[in-house]
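For reference, coords.pdb is printed below; it contains PDB, C-alpha atoms, pLDDT in the B column.
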MODEL        1
ATOM      1  CA  MET A   1     -35.441-174.487 -36.824  1.00 45.00           C
ATOM      2  CA  THR A   2     -33.212-177.242 -35.434  1.00 55.00           C
ATOM      3  CA  SER A   3     -29.795-176.063 -34.348  1.00 82.00           C
ATOM      4  CA  GLU A   4     -26.593-177.655 -35.580  1.00 86.00           C
ATOM      5  CA  VAL A   5     -25.632-178.271 -31.947  1.00 86.00           C
ATOM      6  CA  LEU A   6     -28.823-180.275 -31.383  1.00 87.00           C
ATOM      7  CA  ARG A   7     -28.107-182.320 -34.508  1.00 85.00           C
ATOM      8  CA  ARG A   8     -24.627-183.092 -33.180  1.00 85.00           C
ATOM      9  CA  ALA A   9     -26.028-184.132 -29.799  1.00 87.00           C
ATOM     10  CA  LEU A  10     -28.369-186.516 -31.604  1.00 85.00           C
ATOM     11  CA  ALA A  11     -25.794-187.971 -33.997  1.00 81.00           C
ATOM     12  CA  ASP A  12     -22.247-187.275 -32.762  1.00 76.00           C
ATOM     13  CA  SER A  13     -20.298-190.510 -32.959  1.00 69.00           C
ATOM     14  CA  GLY A  14     -17.344-189.271 -30.925  1.00 65.00           C
ATOM     15  CA  ASP A  15     -16.006-190.753 -27.706  1.00 56.00           C
ATOM     16  CA  PRO A  16     -17.897-192.403 -26.226  1.00 62.00           C
ATOM     17  CA  ALA A  17     -19.675-193.766 -29.258  1.00 78.00           C
ATOM     18  CA  LEU A  18     -23.132-193.798 -27.741  1.00 90.00           C
ATOM     19  CA  ARG A  19     -25.899-195.517 -29.608  1.00 91.00           C
ATOM     20  CA  PRO A  20     -28.113-193.110 -31.510  1.00 89.00           C
ATOM     21  CA  LEU A  21     -31.602-192.441 -30.262  1.00 90.00           C
ATOM     22  CA  PRO A  22     -34.427-194.158 -32.144  1.00 91.00           C
ATOM     23  CA  GLU A  23     -35.218-192.168 -35.308  1.00 91.00           C
ATOM     24  CA  ARG A  24     -38.727-191.421 -34.072  1.00 93.00           C
ATOM     25  CA  VAL A  25     -37.302-189.854 -30.908  1.00 95.00           C
ATOM     26  CA  GLY A  26     -34.676-187.846 -32.786  1.00 92.00           C
ATOM     27  CA  ALA A  27     -37.343-186.430 -35.085  1.00 93.00           C
ATOM     28  CA  LEU A  28     -39.558-185.653 -32.088  1.00 95.00           C
ATOM     29  CA  LEU A  29     -36.742-183.787 -30.310  1.00 94.00           C
ATOM     30  CA  GLU A  30     -35.987-181.817 -33.478  1.00 93.00           C
ATOM     31  CA  ARG A  31     -39.660-180.816 -33.833  1.00 93.00           C
ATOM     32  CA  MET A  32     -39.660-179.660 -30.209  1.00 92.00           C
ATOM     33  CA  ASP A  33     -36.342-177.825 -30.737  1.00 91.00           C
ATOM     34  CA  ALA A  34     -35.065-179.585 -27.621  1.00 92.00           C
ATOM     35  CA  PRO A  35     -32.071-178.178 -25.776  1.00 93.00           C
ATOM     36  CA  PRO A  36     -28.865-179.913 -26.940  1.00 94.00           C
ATOM     37  CA  ARG A  37     -27.994-180.859 -23.346  1.00 93.00           C
ATOM     38  CA  LEU A  38     -31.337-182.653 -23.038  1.00 94.00           C
ATOM     39  CA  ALA A  39     -30.720-184.591 -26.254  1.00 94.00           C
ATOM     40  CA  ALA A  40     -27.264-185.599 -25.008  1.00 94.00           C
ATOM     41  CA  HIS A  41     -28.704-186.699 -21.662  1.00 95.00           C
ATOM     42  CA  LEU A  42     -31.464-188.745 -23.283  1.00 96.00           C
ATOM     43  CA  ARG A  43     -28.911-190.367 -25.559  1.00 96.00           C
ATOM     44  CA  ALA A  44     -26.687-191.331 -22.606  1.00 96.00           C
ATOM     45  CA  VAL A  45     -29.592-192.815 -20.636  1.00 97.00           C
ATOM     46  CA  HIS A  46     -30.877-194.625 -23.737  1.00 97.00           C
ATOM     47  CA  ASP A  47     -27.420-196.129 -24.290  1.00 97.00           C
ATOM     48  CA  VAL A  48     -27.323-197.414 -20.707  1.00 98.00           C
ATOM     49  CA  ALA A  49     -30.842-198.810 -21.055  1.00 98.00           C
ATOM     50  CA  CYS A  50     -29.650-200.744 -24.118  1.00 98.00           C
ATOM     51  CA  GLU A  51     -26.829-202.234 -22.036  1.00 97.00           C
ATOM     52  CA  VAL A  52     -29.163-203.188 -19.185  1.00 98.00           C
ATOM     53  CA  VAL A  53     -31.743-204.748 -21.501  1.00 98.00           C
ATOM     54  CA  ASP A  54     -29.062-206.663 -23.436  1.00 98.00           C
ATOM     55  CA  TRP A  55     -27.702-208.028 -20.148  1.00 98.00           C
ATOM     56  CA  LEU A  56     -31.179-209.025 -18.954  1.00 97.00           C
ATOM     57  CA  GLU A  57     -31.916-210.820 -22.213  1.00 96.00           C
ATOM     58  CA  ARG A  58     -28.639-212.764 -21.962  1.00 96.00           C
ATOM     59  CA  HIS A  59     -28.816-213.654 -18.264  1.00 95.00           C
ATOM     60  CA  TYR A  60     -32.489-213.393 -17.278  1.00 96.00           C
ATOM     61  CA  GLY A  61     -34.382-214.255 -20.422  1.00 94.00           C
ATOM     62  CA  ALA A  62     -37.382-215.378 -18.373  1.00 94.00           C
ATOM     63  CA  VAL A  63     -37.977-211.785 -17.222  1.00 95.00           C
ATOM     64  CA  GLU A  64     -40.723-210.460 -19.458  1.00 95.00           C
ATOM     65  CA  ILE A  65     -39.845-206.999 -20.679  1.00 97.00           C
ATOM     66  CA  ASP A  66     -40.956-204.895 -23.602  1.00 97.00           C
ATOM     67  CA  ARG A  67     -37.551-203.992 -25.037  1.00 97.00           C
ATOM     68  CA  ALA A  68     -38.900-201.380 -27.453  1.00 97.00           C
ATOM     69  CA  ALA A  69     -40.937-199.696 -24.711  1.00 97.00           C
ATOM     70  CA  VAL A  70     -38.001-199.576 -22.279  1.00 98.00           C
ATOM     71  CA  LEU A  71     -35.704-198.079 -24.898  1.00 98.00           C
ATOM     72  CA  PHE A  72     -38.319-195.547 -26.003  1.00 97.00           C
ATOM     73  CA  GLY A  73     -38.965-194.660 -22.363  1.00 97.00           C
ATOM     74  CA  ALA A  74     -35.271-194.147 -21.666  1.00 97.00           C
ATOM     75  CA  ALA A  75     -34.966-192.011 -24.799  1.00 97.00           C
ATOM     76  CA  THR A  76     -37.874-189.738 -23.819  1.00 97.00           C
ATOM     77  CA  HIS A  77     -38.151-189.862 -20.017  1.00 93.00           C
ATOM     78  CA  ASP A  78     -37.037-186.244 -19.474  1.00 93.00           C
ATOM     79  CA  VAL A  79     -38.705-184.693 -22.516  1.00 94.00           C
ATOM     80  CA  GLY A  80     -40.671-182.384 -20.212  1.00 91.00           C
ATOM     81  CA  LYS A  81     -37.434-180.473 -19.687  1.00 90.00           C
ATOM     82  CA  VAL A  82     -38.100-178.903 -23.077  1.00 87.00           C
ATOM     83  CA  VAL A  83     -40.637-176.855 -21.121  1.00 87.00           C
ATOM     84  CA  HIS A  84     -38.784-176.787 -17.780  1.00 72.00           C
ATOM     85  CA  GLN A  85     -35.247-176.021 -18.902  1.00 81.00           C
ATOM     86  CA  ASP A  86     -34.259-174.891 -15.395  1.00 79.00           C
ATOM     87  CA  GLU A  87     -34.545-178.559 -14.405  1.00 70.00           C
ATOM     88  CA  LEU A  88     -31.696-179.402 -16.796  1.00 72.00           C
ATOM     89  CA  SER A  89     -29.236-177.867 -14.356  1.00 77.00           C
ATOM     90  CA  GLY A  90     -31.147-178.037 -11.088  1.00 78.00           C
ATOM     91  CA  PRO A  91     -33.668-180.137  -9.189  1.00 78.00           C
ATOM     92  CA  GLY A  92     -37.336-180.315  -9.981  1.00 69.00           C
ATOM     93  CA  SER A  93     -40.142-182.628 -10.948  1.00 68.00           C
ATOM     94  CA  ALA A  94     -42.457-180.368 -12.938  1.00 65.00           C
ATOM     95  CA  HIS A  95     -41.052-181.917 -16.124  1.00 74.00           C
ATOM     96  CA  GLU A  96     -42.527-185.316 -15.302  1.00 80.00           C
ATOM     97  CA  GLN A  97     -46.252-184.680 -15.783  1.00 84.00           C
ATOM     98  CA  ASP A  98     -45.615-182.031 -18.451  1.00 87.00           C
ATOM     99  CA  GLY A  99     -43.401-184.482 -20.342  1.00 88.00           C
ATOM    100  CA  TYR A 100     -46.211-187.017 -20.329  1.00 92.00           C
ATOM    101  CA  ARG A 101     -48.625-184.387 -21.637  1.00 95.00           C
ATOM    102  CA  LEU A 102     -46.150-183.180 -24.257  1.00 94.00           C
ATOM    103  CA  LEU A 103     -45.617-186.697 -25.609  1.00 94.00           C
ATOM    104  CA  LEU A 104     -49.374-187.271 -25.826  1.00 94.00           C
ATOM    105  CA  GLU A 105     -49.735-183.981 -27.730  1.00 95.00           C
ATOM    106  CA  HIS A 106     -47.114-185.216 -30.204  1.00 95.00           C
ATOM    107  CA  GLY A 107     -49.015-188.424 -30.920  1.00 95.00           C
ATOM    108  CA  VAL A 108     -47.198-190.809 -28.577  1.00 95.00           C
ATOM    109  CA  SER A 109     -49.440-193.460 -27.028  1.00 96.00           C
ATOM    110  CA  ALA A 110     -50.156-193.220 -23.308  1.00 93.00           C
ATOM    111  CA  ASP A 111     -48.445-196.583 -22.807  1.00 94.00           C
ATOM    112  CA  LEU A 112     -45.147-195.153 -24.079  1.00 96.00           C
ATOM    113  CA  ALA A 113     -45.601-191.610 -22.778  1.00 94.00           C
ATOM    114  CA  ARG A 114     -46.004-192.923 -19.215  1.00 93.00           C
ATOM    115  CA  PHE A 115     -42.236-193.203 -18.689  1.00 94.00           C
ATOM    116  CA  ALA A 116     -42.020-189.407 -18.592  1.00 93.00           C
ATOM    117  CA  ARG A 117     -44.126-189.430 -15.415  1.00 92.00           C
ATOM    118  CA  THR A 118     -42.980-192.758 -13.878  1.00 90.00           C
ATOM    119  CA  HIS A 119     -39.191-192.551 -14.208  1.00 86.00           C
ATOM    120  CA  ALA A 120     -38.749-190.861 -10.838  1.00 85.00           C
ATOM    121  CA  SER A 121     -41.409-192.699  -8.846  1.00 84.00           C
ATOM    122  CA  TRP A 122     -41.171-196.428  -8.491  1.00 81.00           C
ATOM    123  CA  HIS A 123     -43.619-196.758  -5.561  1.00 79.00           C
ATOM    124  CA  GLU A 124     -46.859-196.471  -7.533  1.00 80.00           C
ATOM    125  CA  ALA A 125     -49.076-199.548  -7.773  1.00 76.00           C
ATOM    126  CA  ASP A 126     -48.942-199.763 -11.578  1.00 82.00           C
ATOM    127  CA  ILE A 127     -45.128-199.633 -11.868  1.00 91.00           C
ATOM    128  CA  GLY A 128     -43.756-202.684 -13.649  1.00 94.00           C
ATOM    129  CA  ILE A 129     -40.341-203.966 -14.624  1.00 96.00           C
ATOM    130  CA  ASP A 130     -40.227-201.792 -17.761  1.00 97.00           C
ATOM    131  CA  ASP A 131     -40.712-198.640 -15.659  1.00 96.00           C
ATOM    132  CA  LEU A 132     -38.106-199.820 -13.159  1.00 97.00           C
ATOM    133  CA  LEU A 133     -35.550-200.388 -15.916  1.00 98.00           C
ATOM    134  CA  VAL A 134     -36.015-196.846 -17.252  1.00 97.00           C
ATOM    135  CA  SER A 135     -35.577-195.534 -13.698  1.00 96.00           C
ATOM    136  CA  LEU A 136     -32.489-197.682 -13.217  1.00 97.00           C
ATOM    137  CA  ALA A 137     -30.902-196.462 -16.464  1.00 98.00           C
ATOM    138  CA  ASP A 138     -31.646-192.873 -15.435  1.00 96.00           C
ATOM    139  CA  LYS A 139     -29.630-193.434 -12.255  1.00 97.00           C
ATOM    140  CA  ILE A 140     -26.766-195.689 -13.287  1.00 98.00           C
ATOM    141  CA  TRP A 141     -25.778-193.623 -16.368  1.00 97.00           C
ATOM    142  CA  LYS A 142     -24.048-191.283 -13.901  1.00 97.00           C
ATOM    143  CA  ALA A 143     -23.048-194.086 -11.479  1.00 97.00           C
ATOM    144  CA  LYS A 144     -25.773-193.253  -8.943  1.00 97.00           C
ATOM    145  CA  ARG A 145     -26.830-196.299  -6.972  1.00 96.00           C
ATOM    146  CA  VAL A 146     -30.295-196.453  -5.394  1.00 96.00           C
ATOM    147  CA  PRO A 147     -30.560-199.624  -3.249  1.00 96.00           C
ATOM    148  CA  GLU A 148     -34.351-199.491  -2.953  1.00 95.00           C
ATOM    149  CA  LEU A 149     -34.781-199.310  -6.733  1.00 96.00           C
ATOM    150  CA  GLU A 150     -32.239-202.055  -7.293  1.00 97.00           C
ATOM    151  CA  GLN A 151     -34.038-204.314  -4.795  1.00 96.00           C
ATOM    152  CA  LEU A 152     -37.272-203.899  -6.747  1.00 95.00           C
ATOM    153  CA  VAL A 153     -35.465-205.003  -9.921  1.00 97.00           C
ATOM    154  CA  VAL A 154     -33.902-207.936  -8.044  1.00 97.00           C
ATOM    155  CA  ALA A 155     -37.378-209.040  -6.920  1.00 96.00           C
ATOM    156  CA  HIS A 156     -38.406-209.316 -10.591  1.00 96.00           C
ATOM    157  CA  LEU A 157     -35.248-211.272 -11.409  1.00 97.00           C
ATOM    158  CA  VAL A 158     -35.895-213.688  -8.543  1.00 97.00           C
ATOM    159  CA  ALA A 159     -39.562-214.135  -9.467  1.00 95.00           C
ATOM    160  CA  ALA A 160     -38.659-215.004 -13.067  1.00 95.00           C
ATOM    161  CA  SER A 161     -35.556-217.113 -12.443  1.00 94.00           C
ATOM    162  CA  GLY A 162     -36.259-218.780  -9.111  1.00 95.00           C
ATOM    163  CA  GLU A 163     -32.679-218.186  -8.014  1.00 95.00           C
ATOM    164  CA  PRO A 164     -31.838-216.973  -4.510  1.00 97.00           C
ATOM    165  CA  SER A 165     -32.200-213.237  -3.926  1.00 96.00           C
ATOM    166  CA  TRP A 166     -28.523-212.837  -2.987  1.00 96.00           C
ATOM    167  CA  GLN A 167     -27.453-214.436  -6.274  1.00 97.00           C
ATOM    168  CA  ALA A 168     -29.659-212.153  -8.384  1.00 97.00           C
ATOM    169  CA  PHE A 169     -28.458-209.170  -6.358  1.00 97.00           C
ATOM    170  CA  MET A 170     -24.804-210.059  -6.934  1.00 97.00           C
ATOM    171  CA  ALA A 171     -25.348-210.535 -10.665  1.00 97.00           C
ATOM    172  CA  LEU A 172     -27.154-207.200 -11.005  1.00 98.00           C
ATOM    173  CA  ASP A 173     -24.579-205.476  -8.795  1.00 98.00           C
ATOM    174  CA  ASP A 174     -21.729-206.705 -11.000  1.00 98.00           C
ATOM    175  CA  GLU A 175     -23.468-205.449 -14.130  1.00 98.00           C
ATOM    176  CA  LEU A 176     -24.315-202.074 -12.625  1.00 98.00           C
ATOM    177  CA  ASN A 177     -20.712-201.652 -11.453  1.00 98.00           C
ATOM    178  CA  ARG A 178     -19.527-202.420 -14.988  1.00 98.00           C
ATOM    179  CA  ILE A 179     -21.905-199.852 -16.493  1.00 97.00           C
ATOM    180  CA  ALA A 180     -21.142-197.263 -13.795  1.00 97.00           C
ATOM    181  CA  ALA A 181     -17.453-197.430 -14.716  1.00 97.00           C
ATOM    182  CA  GLY A 182     -18.287-195.519 -17.913  1.00 95.00           C
ATOM    183  CA  ALA A 183     -20.111-192.697 -16.120  1.00 96.00           C
ATOM    184  CA  ASP A 184     -17.306-190.150 -16.472  1.00 95.00           C
ATOM    185  CA  HIS A 185     -17.356-190.519 -20.252  1.00 92.00           C
ATOM    186  CA  ARG A 186     -21.137-190.156 -20.389  1.00 94.00           C
ATOM    187  CA  LEU A 187     -21.091-187.133 -18.083  1.00 94.00           C
ATOM    188  CA  ALA A 188     -18.384-185.503 -20.231  1.00 92.00           C
ATOM    189  CA  PHE A 189     -20.417-186.220 -23.366  1.00 92.00           C
ATOM    190  CA  GLN A 190     -23.473-184.521 -21.861  1.00 93.00           C
ATOM    191  CA  ALA A 191     -21.439-181.570 -20.563  1.00 92.00           C
ATOM    192  CA  ASN A 192     -20.164-180.892 -24.090  1.00 90.00           C
ATOM    193  CA  TYR A 193     -23.615-179.659 -25.060  1.00 91.00           C
ATOM    194  CA  PRO A 194     -25.170-176.396 -23.914  1.00 90.00           C
ATOM    195  CA  ILE A 195     -28.575-176.057 -22.320  1.00 86.00           C
ATOM    196  CA  VAL A 196     -29.498-173.444 -24.919  1.00 78.00           C
ATOM    197  CA  GLY A 197     -28.939-174.370 -28.559  1.00 62.00           C
TER     198      GLY A 197
ENDMDL
END
Produce structure tokens that represent the structure in this file.
Amino acid sequence: MTSEVLRRALADSGDPALRPLPERVGALLERMDAPPRLAAHLRAVHDVACEVVDWLERHYGAVEIDRAAVLFGAATHDVGKVVHQDELSGPGSAHEQDGYRLLLEHGVSADLARFARTHASWHEADIGIDDLLVSLADKIWKAKRVPELEQLVVAHLVAASGEPSWQAFMALDDELNRIAAGADHRLAFQANYPIVG
């Protein structure tokens, strides 16, 4: 049975007014009886992913991304923490492969489920821009900057736009600084929800 606290984490329109998760993801989290804190976290990262993708579409339209996949990936990347709830408040990576498996068991295609296992590793050979954007959203939602990850995104911007690397870096840096400025609100939103529903 889905808790009222989980429902609020999925739909609360308070400050900040974060975008709701895709309906499919909300229903999936309810079926899994996900911890409210996890739902709040996924919602915050999904909201940031929306901002990043919107910015890319406005300023780097030549970069080929799968918007729906990126947003689904951001909304589900940590779903394995349903099983590994200790990783909601501490370090760990066991949730990554188990999240992938869990999504497959719930009928999610491997192409979409992959973000659960790729969001923390951007060095693999098959990592593309969509995976990098989910990873970036998972960092910048709390104002964490990872230069190596950002450089990989910049390389995609340069390849698509042909502009100098420094120019793409500066543009991305400005946008990430803008998004990072809202981190305190997102962190407070997440902290309002308990790990156990």
Could you list, as a ChimeraX atom specification, every residue matched by the PyMOL selection byres ((chain A and resi 56-71) around 10) in this structure?
/A:21-22,45-55,72-77,111-113,115,128-135,137,156-162,168,171-172,175
In Å, with one decimal, what is the gap from CA of Ala11 (chain A) to CA of Asp78 (chain A)?
18.4 Å
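Across the model, the gap from CA of Val25 (chain A) to CA of Leu103 (chain A) is 10.4 Å.
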Using all atoms listed in the file, which of A:Val154, A:Glu87, A:Ala143, A:Glu96 sits nearest His185 (chain A)?
A:Ala143
Which residue out of A:Arg186, A:Arg117, A:Arg24, A:Arg8 has the minimum interatomic distance to Ala39 (chain A) when only C-alpha atoms are used?
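Checking each candidate against Ala39 (chain A), we get A:Arg8 as the closest.
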Length of the CA of Tyr100 (chain A) to CA of Ala155 (chain A) vector [Å]
27.3 Å
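Closest to Leu18 (chain A) among A:Ala40, A:Leu88, A:Ala120, A:Val146 is A:Ala40, based on all atoms listed in the file.
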Please write the residues picked by the PyMOL selection byres ((chain A and resi 98) around 9) on this file as an mmCIF file with C-alpha atoms, in the frame of the given file.
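Printed below is selection_37.cif as written:
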data_model
loop_
_atom_site.group_PDB
_atom_site.id
_atom_site.type_symbol
_atom_site.label_atom_id
_atom_site.label_comp_id
_atom_site.auth_asym_id
_atom_site.auth_seq_id
_atom_site.Cartn_x
_atom_site.Cartn_y
_atom_site.Cartn_z
ATOM 1 C CA VAL A 79 -38.705 -184.693 -22.516
ATOM 2 C CA GLY A 80 -40.671 -182.384 -20.212
ATOM 3 C CA LYS A 81 -37.434 -180.473 -19.687
ATOM 4 C CA VAL A 83 -40.637 -176.855 -21.121
ATOM 5 C CA HIS A 84 -38.784 -176.787 -17.780
ATOM 6 C CA ALA A 94 -42.457 -180.368 -12.938
ATOM 7 C CA HIS A 95 -41.052 -181.917 -16.124
ATOM 8 C CA GLU A 96 -42.527 -185.316 -15.302
ATOM 9 C CA GLN A 97 -46.252 -184.680 -15.783
ATOM 10 C CA GLY A 99 -43.401 -184.482 -20.342
ATOM 11 C CA TYR A 100 -46.211 -187.017 -20.329
ATOM 12 C CA ARG A 101 -48.625 -184.387 -21.637
ATOM 13 C CA LEU A 102 -46.150 -183.180 -24.257
ATOM 14 C CA LEU A 103 -45.617 -186.697 -25.609
ATOM 15 C CA ALA A 116 -42.020 -189.407 -18.592
ATOM 16 C CA ARG A 117 -44.126 -189.430 -15.415
#
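Comparing A:Ala183, A:Ala34, A:Ala125, A:Leu10 by their smallest distance to Lys144 (chain A), the closest is A:Ala183 (using all atoms listed in the file).
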Could you check which residues have any atom within 12 Å of (-28.5, -176.6, -31.9), counting only C-alpha atoms with coordinates taken straight from the file, and then list them as a list in words?
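The residues near that point, listed by chain and number, are Met1, Thr2, Ser3, Glu4, Val5, Leu6, Arg7, Arg8, Ala9, Leu10, Ala11, Leu29, Glu30, Met32, Asp33, Ala34, Pro35, Pro36, Arg37, Leu38, Ala39, Ala40, Tyr193, Pro194, Ile195, Val196 and Gly197 of chain A.
Nearest-residue note for Ala17 (chain A): choosing from A:Trp141, A:Arg43, A:Gly107, A:Ile179, the minimum distance belongs to A:Arg43, counting only C-alpha atoms.
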Which residue is closest to Leu152 (chain A)? Choose from A:Ala188, A:Pro164, A:Phe169, A:Pro20 and count only C-alpha atoms.
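Among A:Ala188, A:Pro164, A:Phe169, A:Pro20, it is A:Phe169 that comes nearest to Leu152 (chain A).
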